[in-house]
$ cat my_file.cif   # mmCIF, C-alpha atoms
data_coords
#
loop_
_atom_site.label_atom_id
_atom_site.label_comp_id
_atom_site.auth_asym_id
_atom_site.auth_seq_id
_atom_site.Cartn_x
_atom_site.Cartn_y
_atom_site.Cartn_z
CA MET W 1 15.87 74.89 -128.40
CA ASP W 2 17.81 71.96 -126.95
CA GLY W 3 21.39 72.90 -126.17
CA CYS W 4 20.85 76.66 -126.45
CA PRO W 5 22.15 78.42 -123.32
CA HIS W 6 19.96 81.45 -123.97
CA CYS W 7 16.85 79.29 -124.09
CA ALA W 8 17.90 77.50 -120.90
CA GLY W 9 19.01 80.68 -119.11
CA VAL W 10 20.47 78.66 -116.25
CA GLY W 11 22.51 80.54 -113.66
CA GLU W 12 21.90 83.98 -115.14
CA ASP W 13 22.20 87.08 -112.94
CA ARG W 14 19.10 88.86 -114.24
CA LEU W 15 18.87 92.64 -113.81
CA TRP W 16 15.49 92.91 -115.49
CA GLU W 17 13.02 90.49 -117.02
CA GLY W 18 10.16 91.30 -119.37
CA ALA W 19 7.72 89.22 -121.37
CA THR W 20 9.81 89.31 -124.56
CA HIS W 21 13.39 89.95 -123.43
CA ARG W 22 15.63 90.23 -120.38
CA VAL W 23 18.83 91.90 -119.18
CA VAL W 24 21.64 89.85 -117.67
CA LEU W 25 24.84 90.87 -115.87
CA VAL W 26 27.69 88.73 -117.17
CA HIS W 27 30.35 87.98 -114.59
CA GLN W 28 33.32 87.89 -116.93
CA ASP W 29 36.79 88.23 -115.42
CA GLY W 30 38.39 91.53 -116.39
CA PHE W 31 35.22 93.01 -117.86
CA PRO W 32 33.09 94.25 -114.95
CA GLY W 33 29.68 95.50 -115.98
CA TRP W 34 29.38 93.39 -119.14
CA CYS W 35 25.62 93.06 -119.79
CA ARG W 36 23.51 91.18 -122.29
CA VAL W 37 20.03 91.91 -123.56
CA ILE W 38 18.60 88.53 -124.53
CA TRP W 39 15.42 87.90 -126.53
CA ASN W 40 13.42 85.31 -124.63
CA THR W 41 12.40 83.12 -127.56
CA HIS W 42 14.82 81.37 -129.91
CA VAL W 43 14.94 84.04 -132.63
CA GLY W 44 18.15 84.17 -134.65
CA GLU W 45 18.51 87.61 -136.16
CA TYR W 46 17.63 91.19 -135.27
CA THR W 47 15.56 91.42 -138.46
CA ASP W 48 13.56 88.34 -137.47
CA LEU W 49 11.86 90.69 -135.00
CA SER W 50 8.95 92.89 -136.03
CA GLU W 51 9.60 96.63 -136.23
CA GLY W 52 7.91 97.13 -132.86
CA GLU W 53 9.97 94.37 -131.27
CA ARG W 54 13.18 95.82 -132.71
CA ALA W 55 12.32 99.21 -131.21
CA ARG W 56 11.67 97.71 -127.77
CA PHE W 57 14.86 95.60 -127.93
CA MET W 58 17.00 98.62 -128.86
CA HIS W 59 15.24 100.82 -126.30
CA THR W 60 16.41 98.37 -123.64
CA VAL W 61 19.91 98.20 -125.14
CA ALA W 62 20.09 102.00 -125.00
CA LEU W 63 18.85 102.12 -121.42
CA VAL W 64 21.50 99.59 -120.36
CA GLU W 65 24.17 101.55 -122.24
CA GLU W 66 23.10 104.81 -120.57
CA ALA W 67 23.07 103.15 -117.15
CA LEU W 68 26.55 101.67 -117.65
CA ARG W 69 27.91 105.01 -118.84
CA ALA W 70 26.42 106.80 -115.84
CA GLU W 71 27.51 104.25 -113.25
CA LEU W 72 30.93 103.19 -114.56
CA LYS W 73 32.18 106.06 -116.78
CA PRO W 74 33.81 103.68 -119.28
CA ALA W 75 36.20 104.89 -121.99
CA LYS W 76 33.91 103.25 -124.56
CA ILE W 77 30.88 101.02 -124.88
CA ASN W 78 31.01 98.05 -127.25
CA LEU W 79 27.77 96.67 -128.68
CA ALA W 80 27.77 93.27 -130.36
CA SER W 81 25.16 90.79 -131.51
CA LEU W 82 27.05 87.75 -132.78
CA GLY W 83 25.61 84.33 -131.87
CA THR W 84 27.33 82.69 -134.81
CA ALA W 85 27.65 79.27 -133.19
CA MET W 86 24.16 79.33 -131.65
CA PRO W 87 21.82 81.84 -133.27
CA HIS W 88 19.66 83.18 -130.44
CA LEU W 89 19.37 86.96 -130.51
CA HIS W 90 21.27 88.76 -127.78
CA MET W 91 23.21 92.02 -127.65
CA HIS W 92 26.37 92.38 -125.61
CA ILE W 93 26.80 95.79 -123.98
CA ILE W 94 30.39 95.92 -122.79
CA PRO W 95 31.98 98.81 -120.91
CA ARG W 96 35.61 99.18 -121.95
CA PHE W 97 38.42 100.60 -119.84
CA PRO W 98 42.06 101.34 -120.71
CA ASP W 99 43.16 98.76 -118.14
CA ASP W 100 40.87 95.95 -119.33
CA PRO W 101 42.45 92.72 -120.63
CA THR W 102 42.25 93.51 -124.37
CA PHE W 103 41.80 97.30 -124.60
CA PRO W 104 41.60 98.80 -127.22
CA ASP W 105 41.14 95.56 -129.15
CA PRO W 106 37.94 93.48 -129.22
CA VAL W 107 37.17 91.56 -126.05
CA TRP W 108 37.35 88.24 -127.91
CA LEU W 109 41.12 88.50 -128.46
CA PRO W 110 43.56 86.87 -126.03
CA PRO W 111 44.13 89.02 -122.92
CA VAL W 112 47.30 91.12 -122.87
CA ARG W 113 46.96 92.27 -119.25
CA ALA W 114 45.13 91.48 -116.04
CA THR W 115 42.95 93.98 -114.24
CA ASN W 116 41.69 94.28 -110.70
CA ARG W 117 38.87 96.63 -111.60
CA ALA W 118 35.73 95.75 -109.67
CA LEU W 119 32.14 96.92 -109.79
CA PRO W 120 31.10 99.59 -107.30
CA PRO W 121 29.10 98.41 -104.28
CA GLN W 122 25.35 98.28 -104.96
CA PHE W 123 25.99 98.19 -108.73
CA SER W 124 23.43 95.43 -109.34
CA ASP W 125 20.81 97.14 -107.19
CA THR W 126 21.39 100.45 -108.96
CA MET W 127 21.10 98.80 -112.37
CA ARG W 128 17.90 97.01 -111.33
CA ALA W 129 16.43 100.32 -110.16
CA ARG W 130 17.38 102.04 -113.43
CA LEU W 131 15.87 99.23 -115.53
CA ALA W 132 12.68 99.06 -113.50
CA VAL W 133 11.25 101.84 -115.69
CA LEU W 134 11.01 99.39 -118.60
CA ASP W 135 7.60 98.07 -119.57
CA PRO W 136 7.39 94.46 -118.29
CA ALA W 137 5.20 93.61 -121.29
CA GLY W 138 8.11 94.59 -123.55
CA MET P 1 38.38 114.83 -135.96
CA ASP P 2 42.01 114.69 -137.04
CA GLY P 3 43.20 111.12 -137.52
CA CYS P 4 39.72 109.60 -137.51
CA PRO P 5 39.23 107.39 -140.59
CA HIS P 6 35.44 107.65 -140.32
CA CYS P 7 35.62 111.45 -140.38
CA ALA P 8 38.00 111.35 -143.34
CA GLY P 9 36.06 108.61 -145.18
CA VAL P 10 38.82 108.32 -147.77
CA GLY P 11 38.57 105.45 -150.26
CA GLU P 12 35.19 104.21 -149.03
CA ASP P 13 32.96 102.18 -151.35
CA ARG P 14 29.69 103.91 -150.46
CA LEU P 15 26.43 102.06 -151.11
CA TRP P 16 24.25 104.86 -149.77
CA GLU P 17 24.83 108.31 -148.37
CA GLY P 18 22.41 110.40 -146.32
CA ALA P 19 22.69 113.68 -144.48
CA THR P 20 23.42 112.04 -141.12
CA HIS P 21 24.86 108.61 -141.93
CA ARG P 22 26.10 106.43 -144.77
CA VAL P 23 26.51 102.76 -145.74
CA VAL P 24 29.87 101.42 -146.87
CA LEU P 25 30.87 98.08 -148.40
CA VAL P 26 34.06 96.89 -146.70
CA HIS P 27 36.34 94.91 -148.96
CA GLN P 28 37.77 92.57 -146.36
CA ASP P 29 39.46 89.37 -147.55
CA GLY P 30 37.42 86.32 -146.59
CA PHE P 31 34.35 88.28 -145.51
CA PRO P 32 32.47 89.26 -148.68
CA GLY P 33 29.50 91.52 -148.06
CA TRP P 34 30.82 93.09 -144.84
CA CYS P 35 29.08 96.45 -144.54
CA ARG P 36 29.29 99.39 -142.17
CA VAL P 37 26.70 101.99 -141.26
CA ILE P 38 28.71 105.06 -140.26
CA TRP P 39 27.37 108.18 -138.53
CA ASN P 40 28.68 111.14 -140.50
CA THR P 41 29.71 113.34 -137.56
CA HIS P 42 32.23 112.36 -134.88
CA VAL P 43 29.78 110.97 -132.33
CA GLY P 44 31.18 108.29 -130.01
CA GLU P 45 28.31 106.23 -128.66
CA TYR P 46 24.91 105.01 -129.83
CA THR P 47 23.33 106.80 -126.87
CA ASP P 48 24.96 110.09 -127.88
CA LEU P 49 22.32 110.14 -130.62
CA SER P 50 18.82 111.48 -129.99
CA GLU P 51 16.00 108.93 -129.94
CA GLY P 52 14.99 109.91 -133.47
CA GLU P 53 18.57 109.57 -134.70
CA ARG P 54 18.90 106.15 -133.04
CA ALA P 55 15.74 104.99 -134.79
CA ARG P 56 16.99 106.15 -138.18
CA PHE P 57 20.43 104.61 -137.62
CA MET P 58 18.93 101.23 -136.64
CA HIS P 59 16.41 101.40 -139.49
CA THR P 60 19.34 101.59 -141.88
CA VAL P 61 21.19 98.80 -140.03
CA ALA P 62 18.09 96.61 -140.37
CA LEU P 63 17.69 97.40 -144.05
CA VAL P 64 21.33 96.47 -144.71
CA GLU P 65 20.90 93.27 -142.68
CA GLU P 66 17.74 92.34 -144.62
CA ALA P 67 19.45 93.07 -147.94
CA LEU P 68 22.49 90.96 -147.02
CA ARG P 69 20.29 88.09 -145.88
CA ALA P 70 18.26 88.22 -149.10
CA GLU P 71 21.25 88.53 -151.45
CA LEU P 72 23.83 86.28 -149.76
CA LYS P 73 21.85 83.82 -147.59
CA PRO P 74 24.50 83.84 -144.81
CA ALA P 75 24.45 81.32 -141.95
CA LYS P 76 24.38 84.28 -139.54
CA ILE P 77 24.63 88.04 -139.40
CA ASN P 78 26.98 89.64 -136.87
CA LEU P 79 26.29 93.18 -135.69
CA ALA P 80 28.99 95.09 -133.84
CA SER P 81 29.61 98.68 -132.82
CA LEU P 82 33.06 98.77 -131.20
CA GLY P 83 35.25 101.78 -132.06
CA THR P 84 37.26 101.35 -128.89
CA ALA P 85 40.47 102.82 -130.29
CA MET P 86 38.72 105.65 -132.16
CA PRO P 87 35.21 106.37 -130.90
CA HIS P 88 33.21 107.33 -134.00
CA LEU P 89 29.86 105.56 -134.16
CA HIS P 90 29.62 102.84 -136.79
CA MET P 91 27.90 99.46 -136.89
CA HIS P 92 29.46 96.50 -138.64
CA ILE P 93 26.96 94.22 -140.40
CA ILE P 94 28.88 91.07 -141.24
CA PRO P 95 27.45 88.09 -143.11
CA ARG P 96 28.97 84.88 -141.74
CA PHE P 97 29.45 81.63 -143.65
CA PRO P 98 30.67 78.22 -142.47
CA ASP P 99 33.67 78.52 -144.80
CA ASP P 100 34.71 82.02 -143.67
CA PRO P 101 38.15 82.47 -142.06
CA THR P 102 37.02 82.42 -138.41
CA PHE P 103 33.55 80.79 -138.42
CA PRO P 104 31.95 80.30 -135.92
CA ASP P 105 34.24 82.53 -133.86
CA PRO P 106 34.30 86.34 -134.00
CA VAL P 107 35.83 87.85 -137.13
CA TRP P 108 38.54 89.56 -135.06
CA LEU P 109 40.26 86.28 -134.18
CA PRO P 110 43.16 84.95 -136.27
CA PRO P 111 41.95 83.16 -139.43
CA VAL P 112 41.85 79.37 -139.28
CA ARG P 113 41.04 78.83 -142.97
CA ALA P 114 41.06 80.62 -146.29
CA THR P 115 37.96 81.05 -148.42
CA ASN P 116 37.38 81.75 -152.08
CA ARG P 117 33.82 82.92 -151.57
CA ALA P 118 33.09 85.93 -153.76
CA LEU P 119 30.20 88.35 -154.05
CA PRO P 120 27.65 87.67 -156.77
CA PRO P 121 27.89 89.82 -159.90
CA GLN P 122 25.95 93.09 -159.58
CA PHE P 123 26.00 92.81 -155.76
CA SER P 124 26.91 96.46 -155.26
CA ASP P 125 24.29 97.63 -157.75
CA THR P 126 21.63 95.48 -156.10
CA MET P 127 22.54 96.80 -152.66
CA ARG P 128 22.47 100.40 -153.91
CA ALA P 129 19.01 99.81 -155.38
CA ARG P 130 17.75 98.27 -152.13
CA LEU P 131 19.13 101.15 -150.04
CA ALA P 132 17.76 103.83 -152.37
CA VAL P 133 14.45 103.68 -150.48
CA LEU P 134 16.11 105.33 -147.46
CA ASP P 135 15.33 108.97 -146.76
CA PRO P 136 18.38 111.00 -147.86
CA ALA P 137 17.65 113.45 -145.03
CA GLY P 138 18.15 110.54 -142.58
#
$ encode --input "my_file.cif" --output "structure tokens"
Amino acid sequence: MDGCPHCAGVGEDRLWEGATHRVVLVHQDGFPGWCRVIWNTHVGEYTDLSEGERARFMHTVALVEEALRAELKPAKINLASLGTAMPHLHMHIIPRFPDDPTFPDPVWLPPVRATNRALPPQFSDTMRARLAVLDPAG
Amino acid sequence: MDGCPHCAGVGEDRLWEGATHRVVLVHQDGFPGWCRVIWNTHVGEYTDLSEGERARFMHTVALVEEALRAELKPAKINLASLGTAMPHLHMHIIPRFPDDPTFPDPVWLPPVRATNRALPPQFSDTMRARLAVLDPAG
């Protein structure tokens, strides 16, 4: 759809790409490791997917969550599928740390602190290797 | 766990209750129809559940989303599992409307308008009837 950033997908740092959805690393200041699972076509809601598609989408979300927990040991994972302004299904998977800009509040609130936390070396390569087990048809 | 509101569950308006999780109607000013699917035991993350438990949890989330879409015709559904301050797995299912207090921004931001939108009569009864198809062992 014209004007939809998730249809355009320009400038994304893709960790995995399948026929129906993809995984992107979001480079958001203060929130290292923030990932998104994005449905490739312009579908608005989770329940617009078939049951099989929902299962594959959430399987990928879970694999990303498990990878982030293993690699970054966050205090918490936040999951969120919002897209209120531009309905194109995507799930944020956000590792949260006590020193992140809005902890323990939602990431959308104004920052109350800065953080210098950085991703470990090879993080992207490790994530790509972990996600390579996904079915590319999925 | 002591001090966890989702373990205590006091004062909840429960729309459905199963052996492993439950559905609650949240009476939040400005956001009629806001529901939560809450895991009954004090589990922190989605991926702390087994694959079968994840499937049942998300099946219930989808059923709530479908029911809210059918009954309220929202502009968008927001899904969110945060729990950063108190990790006890629950998914918010939030119908969004152009006249809601923070539309199209996340519901956690300060309100920019008031709304008089109310739930239709019998909404709770209709939701209970729709959710009654769920397996009470789930």
$ resolve_selection --input "my_file.cif" --expression "the PyMOL selection byres ((chain P) within 7 of (chain W))" --output "list of chain:residue names"
P:Glu45, P:Thr47, P:Ala62, P:Glu66, P:Lys76, P:Ile77, P:Asn78, P:Leu79, P:Ala80, P:Ser81, P:Leu82, P:Thr84, P:Ala85, P:Pro104, P:Asp105, P:Leu109
$ write_last_selection --input "my_file.cif" --atoms "C-alpha atoms" --output "mmCIF file, keeping the file's coordinate frame"
data_model
loop_
_atom_site.group_PDB
_atom_site.id
_atom_site.type_symbol
_atom_site.label_atom_id
_atom_site.label_comp_id
_atom_site.auth_asym_id
_atom_site.auth_seq_id
_atom_site.Cartn_x
_atom_site.Cartn_y
_atom_site.Cartn_z
ATOM 1 C CA GLU P 45 28.310 106.230 -128.660
ATOM 2 C CA THR P 47 23.330 106.800 -126.870
ATOM 3 C CA ALA P 62 18.090 96.610 -140.370
ATOM 4 C CA GLU P 66 17.740 92.340 -144.620
ATOM 5 C CA LYS P 76 24.380 84.280 -139.540
ATOM 6 C CA ILE P 77 24.630 88.040 -139.400
ATOM 7 C CA ASN P 78 26.980 89.640 -136.870
ATOM 8 C CA LEU P 79 26.290 93.180 -135.690
ATOM 9 C CA ALA P 80 28.990 95.090 -133.840
ATOM 10 C CA SER P 81 29.610 98.680 -132.820
ATOM 11 C CA LEU P 82 33.060 98.770 -131.200
ATOM 12 C CA THR P 84 37.260 101.350 -128.890
ATOM 13 C CA ALA P 85 40.470 102.820 -130.290
ATOM 14 C CA PRO P 104 31.950 80.300 -135.920
ATOM 15 C CA ASP P 105 34.240 82.530 -133.860
ATOM 16 C CA LEU P 109 40.260 86.280 -134.180
#
$ calpha_fit_and_write --input "my_file.cif" --fixed "chain W" --moving "chain P" --output "short mmCIF file (atom, residue, chain, number, x, y, z; two decimals) with C-alpha atoms, in the coordinates of the input"
data_model
loop_
_atom_site.label_atom_id
_atom_site.label_comp_id
_atom_site.auth_asym_id
_atom_site.auth_seq_id
_atom_site.Cartn_x
_atom_site.Cartn_y
_atom_site.Cartn_z
CA MET P 1 15.87 74.92 -128.39
CA ASP P 2 17.81 71.99 -126.96
CA GLY P 3 21.40 72.92 -126.18
CA CYS P 4 20.84 76.66 -126.44
CA PRO P 5 22.15 78.42 -123.31
CA HIS P 6 19.95 81.47 -123.96
CA CYS P 7 16.84 79.29 -124.08
CA ALA P 8 17.90 77.49 -120.91
CA GLY P 9 19.00 80.69 -119.12
CA VAL P 10 20.46 78.65 -116.26
CA GLY P 11 22.50 80.53 -113.66
CA GLU P 12 21.88 83.98 -115.14
CA ASP P 13 22.19 87.07 -112.94
CA ARG P 14 19.09 88.85 -114.24
CA LEU P 15 18.87 92.63 -113.81
CA TRP P 16 15.48 92.90 -115.50
CA GLU P 17 13.01 90.49 -117.02
CA GLY P 18 10.17 91.31 -119.40
CA ALA P 19 7.73 89.22 -121.38
CA THR P 20 9.82 89.30 -124.56
CA HIS P 21 13.40 89.96 -123.43
CA ARG P 22 15.62 90.23 -120.37
CA VAL P 23 18.84 91.90 -119.17
CA VAL P 24 21.63 89.84 -117.65
CA LEU P 25 24.83 90.87 -115.86
CA VAL P 26 27.69 88.72 -117.18
CA HIS P 27 30.34 87.98 -114.61
CA GLN P 28 33.32 87.88 -116.93
CA ASP P 29 36.80 88.23 -115.41
CA GLY P 30 38.39 91.53 -116.40
CA PHE P 31 35.22 93.01 -117.87
CA PRO P 32 33.09 94.25 -114.96
CA GLY P 33 29.67 95.51 -115.98
CA TRP P 34 29.36 93.39 -119.14
CA CYS P 35 25.63 93.04 -119.78
CA ARG P 36 23.49 91.17 -122.27
CA VAL P 37 20.02 91.91 -123.57
CA ILE P 38 18.59 88.52 -124.53
CA TRP P 39 15.42 87.89 -126.55
CA ASN P 40 13.42 85.31 -124.62
CA THR P 41 12.39 83.11 -127.56
CA HIS P 42 14.81 81.37 -129.93
CA VAL P 43 14.94 84.04 -132.62
CA GLY P 44 18.16 84.17 -134.65
CA GLU P 45 18.51 87.62 -136.16
CA TYR P 46 17.63 91.20 -135.26
CA THR P 47 15.57 91.42 -138.45
CA ASP P 48 13.56 88.34 -137.46
CA LEU P 49 11.86 90.68 -135.00
CA SER P 50 8.94 92.89 -136.03
CA GLU P 51 9.61 96.63 -136.22
CA GLY P 52 7.90 97.14 -132.86
CA GLU P 53 9.96 94.37 -131.28
CA ARG P 54 13.18 95.83 -132.71
CA ALA P 55 12.32 99.21 -131.22
CA ARG P 56 11.68 97.72 -127.79
CA PHE P 57 14.85 95.61 -127.93
CA MET P 58 17.00 98.63 -128.87
CA HIS P 59 15.25 100.81 -126.29
CA THR P 60 16.41 98.37 -123.64
CA VAL P 61 19.92 98.20 -125.15
CA ALA P 62 20.09 102.00 -125.00
CA LEU P 63 18.86 102.11 -121.42
CA VAL P 64 21.51 99.58 -120.36
CA GLU P 65 24.17 101.54 -122.25
CA GLU P 66 23.10 104.81 -120.58
CA ALA P 67 23.07 103.15 -117.15
CA LEU P 68 26.54 101.67 -117.66
CA ARG P 69 27.91 105.00 -118.85
CA ALA P 70 26.42 106.81 -115.86
CA GLU P 71 27.51 104.25 -113.25
CA LEU P 72 30.93 103.18 -114.56
CA LYS P 73 32.17 106.05 -116.78
CA PRO P 74 33.82 103.66 -119.28
CA ALA P 75 36.20 104.90 -122.00
CA LYS P 76 33.90 103.24 -124.56
CA ILE P 77 30.87 101.02 -124.87
CA ASN P 78 31.01 98.04 -127.24
CA LEU P 79 27.77 96.67 -128.67
CA ALA P 80 27.77 93.27 -130.35
CA SER P 81 25.16 90.78 -131.50
CA LEU P 82 27.07 87.73 -132.78
CA GLY P 83 25.60 84.32 -131.87
CA THR P 84 27.33 82.69 -134.81
CA ALA P 85 27.66 79.27 -133.19
CA MET P 86 24.16 79.33 -131.65
CA PRO P 87 21.82 81.84 -133.28
CA HIS P 88 19.66 83.18 -130.44
CA LEU P 89 19.36 86.96 -130.51
CA HIS P 90 21.28 88.76 -127.77
CA MET P 91 23.21 92.02 -127.66
CA HIS P 92 26.36 92.38 -125.61
CA ILE P 93 26.79 95.80 -123.98
CA ILE P 94 30.38 95.91 -122.79
CA PRO P 95 31.96 98.81 -120.91
CA ARG P 96 35.60 99.17 -121.96
CA PHE P 97 38.42 100.60 -119.84
CA PRO P 98 42.05 101.33 -120.71
CA ASP P 99 43.16 98.77 -118.12
CA ASP P 100 40.86 95.96 -119.33
CA PRO P 101 42.46 92.73 -120.63
CA THR P 102 42.26 93.52 -124.36
CA PHE P 103 41.80 97.32 -124.60
CA PRO P 104 41.60 98.79 -127.21
CA ASP P 105 41.13 95.56 -129.16
CA PRO P 106 37.94 93.48 -129.21
CA VAL P 107 37.17 91.55 -126.04
CA TRP P 108 37.36 88.24 -127.92
CA LEU P 109 41.12 88.50 -128.46
CA PRO P 110 43.57 86.87 -126.03
CA PRO P 111 44.14 89.02 -122.91
CA VAL P 112 47.30 91.12 -122.87
CA ARG P 113 46.97 92.29 -119.25
CA ALA P 114 45.15 91.49 -116.04
CA THR P 115 42.94 93.99 -114.25
CA ASN P 116 41.69 94.30 -110.70
CA ARG P 117 38.87 96.65 -111.62
CA ALA P 118 35.74 95.77 -109.67
CA LEU P 119 32.14 96.93 -109.79
CA PRO P 120 31.10 99.59 -107.30
CA PRO P 121 29.11 98.41 -104.28
CA GLN P 122 25.36 98.28 -104.96
CA PHE P 123 25.99 98.18 -108.73
CA SER P 124 23.44 95.44 -109.34
CA ASP P 125 20.83 97.15 -107.18
CA THR P 126 21.40 100.46 -108.96
CA MET P 127 21.10 98.80 -112.36
CA ARG P 128 17.90 97.00 -111.32
CA ALA P 129 16.43 100.32 -110.16
CA ARG P 130 17.38 102.03 -113.43
CA LEU P 131 15.88 99.21 -115.53
CA ALA P 132 12.67 99.06 -113.49
CA VAL P 133 11.23 101.83 -115.68
CA LEU P 134 11.01 99.39 -118.60
CA ASP P 135 7.59 98.07 -119.57
CA PRO P 136 7.39 94.47 -118.29
CA ALA P 137 5.21 93.62 -121.30
CA GLY P 138 8.16 94.62 -123.54
#
$ residues_around --input "my_file.cif" --residues "Ala114 of chain W" --least-positions-apart "4" --cutoff "10 Å" --atoms "only C-alpha atoms" --output "VMD selection string"
chain W and resid 29 to 30 99 to 102
$ residues_around --input "my_file.cif" --residues "Pro32 of chain W" --least-positions-apart "4" --cutoff "9 Å" --atoms "all atoms listed in the file" --output "number ranges by chain"
W: 25-28, 94-96, 117-119
$ atom_distance --input "my_file.cif" --atom1 "atom CA of Cys4 of chain W" --atom2 "atom CA of Glu71 of chain P"
27.7 Å
